[in-house]
Amino acid sequence: MHRSEINVDLGALRRNVRTLLRALDGSQLWAVVKADGYGHGAVDAAGAALGAGATALCVATIPEGLALRSEYRVERIVVLGPAGSNREIAQAREAGLELVIAHDEIPEGVRVHLKLDTGMARYGLAELPAPPAEVVGLMTHLATADADAEFARTQLERFTAATDEFRHLTRHAANSAATLRLPESHFDAVRCGGAIYGLSPFNTDPGEDGLEPVLSWQSYLAQVKQLSAGGSTGYGRRFVADEPTWIGIVPVGYGDGFSRDLTGTEVRVAGELRPIASYPWGRRSCYSATACCPRRTRGWRARSTTTSSAESRVDRCGRAVR
């Protein structure tokens, strides 16, 4: 294997989409593939999600939508962020993209979703105007579905009251957390991002909700050595052994996307979880994962799972990709 490699399991992504669809009662699932599919590759992630039952793709910007349109000619592509310049709006019109609008100026000839601010206090309308013909959807953005269900329900009540007379339009409010925990948020469609990639919106083991990590990061043990009690490893002697401890040197550093704030997370070595004992310094530096194992483990693989290059995090539960 290469010194350090990322593996994206599109089969896991498809299974995650099907798991989320089972949580819905006929509502559509729209796959959020912004930021290059959360670092997983937007084109491939989009294809896998659509193949598993997603009915639309969501991106953050018009250029992201245009890039996807060259691969997906007829699928619905919804741009969630502000529309940008008049030139971009014209390009969106020509490409058949759908735009989210949060102001009174609604562009002509473009399918539009009006965004109502019900409590996020970011991009959104304070009040919902009478929707003109270009409007095909109404939406809001939940602020606390992962942590404060009561406030999320308050937002949903505001959204329902404001949109009830426009049920002929597509209404959508749920993110990944609301999709999994708040059935009343499902309306006509849900917008799922992190969950389709196997990331728990609750910062817990994604397996609790039937989700599988899509991305894994693998390397190997370049060297195995034993520290005596009181021995240390790495810059600043951040790890000091309380007892004789075997450590494995994994040849990755900042240049591979591993930052010092990941110290204390875990990797799998020969299938067993091992804590990371010290952090890298500079592109070529290594980090050390403590491993209570014999010398012959040199060359064994080290794997961290549910690592997102978009969020640069390692799942502390260490679930292995299947």
# chains A, B, ... in the order shown; residues from 1 in each chain; ligands from 1
>>> residues_around(residues="Asp242 (chain A)", least_positions_apart="6", cutoff="9 Å", atoms="only C-alpha atoms", output="PDB file with C-alpha atoms, in the first residue's frame")
ATOM      1  CA  SER A 228      10.417   2.209  29.397  1.00  0.00           C
ATOM      2  CA  ALA A 229       8.455   3.612  32.319  1.00  0.00           C
ATOM      3  CA  GLY A 230       9.073   7.367  32.352  1.00  0.00           C
ATOM      4  CA  GLY A 231      10.091   7.386  28.695  1.00  0.00           C
TER       5      GLY A 231
END
>>> atom_distance(atom1="CA of Phe258 (chain A)", atom2="CA of Thr204 (chain A)")
21.2 Å
>>> residues_around(residues="region 133-136 of chain A", least_positions_apart="4", cutoff="6 Å", atoms="only C-alpha atoms", output="short mmCIF file (atom, residue, chain, number, x, y, z; two decimals) with C-alpha atoms, in the first residue's frame")
data_model
loop_
_atom_site.label_atom_id
_atom_site.label_comp_id
_atom_site.auth_asym_id
_atom_site.auth_seq_id
_atom_site.Cartn_x
_atom_site.Cartn_y
_atom_site.Cartn_z
CA ARG A 111 -36.83 27.71 -10.48
CA VAL A 112 -36.62 29.23 -7.00
CA HIS A 113 -36.91 28.10 -3.38
CA LEU A 169 -45.10 23.87 -3.28
#
>>> select_by_dssp(residues="region 150-217 of chain A", states="strand (DSSP E)", output="number ranges by chain")
A: 170-174, 189-192, 215-217
>>> write_last_selection(atoms="N, CA and C atoms", output="PDB file, in the first residue's frame")
ATOM      1  N   THR A 170     -43.116  22.506  -2.895  1.00  0.00           N
ATOM      2  CA  THR A 170     -42.275  21.572  -2.143  1.00  0.00           C
ATOM      3  C   THR A 170     -41.744  22.261  -0.898  1.00  0.00           C
ATOM      4  N   ARG A 171     -42.029  21.695   0.262  1.00  0.00           N
ATOM      5  CA  ARG A 171     -41.547  22.269   1.519  1.00  0.00           C
ATOM      6  C   ARG A 171     -40.466  21.358   2.093  1.00  0.00           C
ATOM      7  N   HIS A 172     -39.372  21.970   2.548  1.00  0.00           N
ATOM      8  CA  HIS A 172     -38.264  21.179   3.098  1.00  0.00           C
ATOM      9  C   HIS A 172     -37.562  21.966   4.190  1.00  0.00           C
ATOM     10  N   ALA A 173     -37.221  21.242   5.292  1.00  0.00           N
ATOM     11  CA  ALA A 173     -36.614  21.871   6.455  1.00  0.00           C
ATOM     12  C   ALA A 173     -35.536  21.017   7.098  1.00  0.00           C
ATOM     13  N   ALA A 174     -35.630  19.700   6.997  1.00  0.00           N
ATOM     14  CA  ALA A 174     -34.800  18.803   7.801  1.00  0.00           C
ATOM     15  C   ALA A 174     -33.380  18.685   7.279  1.00  0.00           C
ATOM     16  N   ALA A 189     -39.526  16.899   1.522  1.00  0.00           N
ATOM     17  CA  ALA A 189     -38.157  16.481   1.235  1.00  0.00           C
ATOM     18  C   ALA A 189     -37.271  16.805   2.427  1.00  0.00           C
ATOM     19  N   VAL A 190     -36.173  16.065   2.558  1.00  0.00           N
ATOM     20  CA  VAL A 190     -35.150  16.357   3.571  1.00  0.00           C
ATOM     21  C   VAL A 190     -33.828  16.575   2.859  1.00  0.00           C
ATOM     22  N   ARG A 191     -32.939  17.347   3.491  1.00  0.00           N
ATOM     23  CA  ARG A 191     -31.622  17.634   2.921  1.00  0.00           C
ATOM     24  C   ARG A 191     -30.562  17.007   3.829  1.00  0.00           C
ATOM     25  N   CYS A 192     -29.969  15.933   3.391  1.00  0.00           N
ATOM     26  CA  CYS A 192     -28.996  15.214   4.225  1.00  0.00           C
ATOM     27  C   CYS A 192     -27.590  15.383   3.679  1.00  0.00           C
ATOM     28  N   LEU A 215     -15.558   7.117   4.525  1.00  0.00           N
ATOM     29  CA  LEU A 215     -14.164   7.430   4.271  1.00  0.00           C
ATOM     30  C   LEU A 215     -13.287   6.850   5.363  1.00  0.00           C
ATOM     31  N   SER A 216     -12.201   6.203   4.977  1.00  0.00           N
ATOM     32  CA  SER A 216     -11.211   5.741   5.944  1.00  0.00           C
ATOM     33  C   SER A 216      -9.827   6.180   5.494  1.00  0.00           C
ATOM     34  N   TRP A 217      -8.959   6.377   6.463  1.00  0.00           N
ATOM     35  CA  TRP A 217      -7.582   6.815   6.221  1.00  0.00           C
ATOM     36  C   TRP A 217      -6.672   5.707   6.718  1.00  0.00           C
TER      37      TRP A 217
END
>>> atom_distance(atom1="CA of Glu127 (chain A)", atom2="CA of Phe166 (chain A)")
14.0 Å
>>> closest_residue(among="A:Pro275, A:Gly65, A:Gly81, A:Gly137", to="Gly96 (chain A)", atoms="only C-alpha atoms")
A:Gly65
>>> closest_residue(among="A:Glu88, A:Glu266, A:Glu243, A:Glu212", to="Val17 (chain A)", atoms="only C-alpha atoms")
A:Glu212
>>> closest_residue(among="A:Leu128, A:Arg14, A:Leu97, A:Tyr197", to="Thr163 (chain A)", atoms="only C-alpha atoms")
A:Leu128
>>> residues_around(residues="Glu184 (chain A)", least_positions_apart="4", cutoff="12 Å", atoms="only C-alpha atoms", output="list of chain:residue names")
A:Ala23, A:Leu24, A:Asp25, A:Ser27, A:Ala145, A:Ala149, A:Ala152, A:Arg153, A:Thr154, A:Gln155, A:Leu156, A:Glu157, A:Phe159, A:Thr160, A:His172, A:Ala173, A:Ala174, A:Ala178, A:Thr179, A:Leu180, A:Asp188, A:Ala189, A:Val190
>>> write_last_selection(atoms="C-alpha atoms", output="PDB file, in the first residue's frame")
ATOM      1  CA  ALA A  23     -36.647   6.806   8.306  1.00  0.00           C
ATOM      2  CA  LEU A  24     -38.888   8.815   5.962  1.00  0.00           C
ATOM      3  CA  ASP A  25     -42.575   8.266   5.280  1.00  0.00           C
ATOM      4  CA  SER A  27     -40.601  12.182   1.721  1.00  0.00           C
ATOM      5  CA  ALA A 145     -31.880  19.695  15.588  1.00  0.00           C
ATOM      6  CA  ALA A 149     -35.158  19.453  19.908  1.00  0.00           C
ATOM      7  CA  ALA A 152     -36.104  22.940  16.516  1.00  0.00           C
ATOM      8  CA  ARG A 153     -39.793  22.170  17.029  1.00  0.00           C
ATOM      9  CA  THR A 154     -40.447  25.878  17.626  1.00  0.00           C
ATOM     10  CA  GLN A 155     -38.817  26.612  14.263  1.00  0.00           C
ATOM     11  CA  LEU A 156     -40.911  23.900  12.615  1.00  0.00           C
ATOM     12  CA  GLU A 157     -44.110  25.373  14.084  1.00  0.00           C
ATOM     13  CA  PHE A 159     -42.400  27.268   9.295  1.00  0.00           C
ATOM     14  CA  THR A 160     -45.632  25.260   9.196  1.00  0.00           C
ATOM     15  CA  HIS A 172     -38.264  21.179   3.098  1.00  0.00           C
ATOM     16  CA  ALA A 173     -36.614  21.871   6.455  1.00  0.00           C
ATOM     17  CA  ALA A 174     -34.800  18.803   7.801  1.00  0.00           C
ATOM     18  CA  ALA A 178     -33.851  16.248  12.051  1.00  0.00           C
ATOM     19  CA  THR A 179     -34.234  13.444   9.532  1.00  0.00           C
ATOM     20  CA  LEU A 180     -33.167  10.946  12.200  1.00  0.00           C
ATOM     21  CA  ASP A 188     -41.946  16.858   1.249  1.00  0.00           C
ATOM     22  CA  ALA A 189     -38.157  16.481   1.235  1.00  0.00           C
ATOM     23  CA  VAL A 190     -35.150  16.357   3.571  1.00  0.00           C
TER      24      VAL A 190
END
>>> residues_around(residues="Gly210 (chain A)", least_positions_apart="6", cutoff="12 Å", atoms="only C-alpha atoms", output="ChimeraX atom specification")
/A:12-13,15-23,180,195-200,204,319
>>> residues_around(residues="Gly37 (chain A)", least_positions_apart="3", cutoff="10 Å", atoms="only C-alpha atoms", output="PyMOL selection string")
chain A and resi 31-34+40-46+58-59+193-194+196-197+310
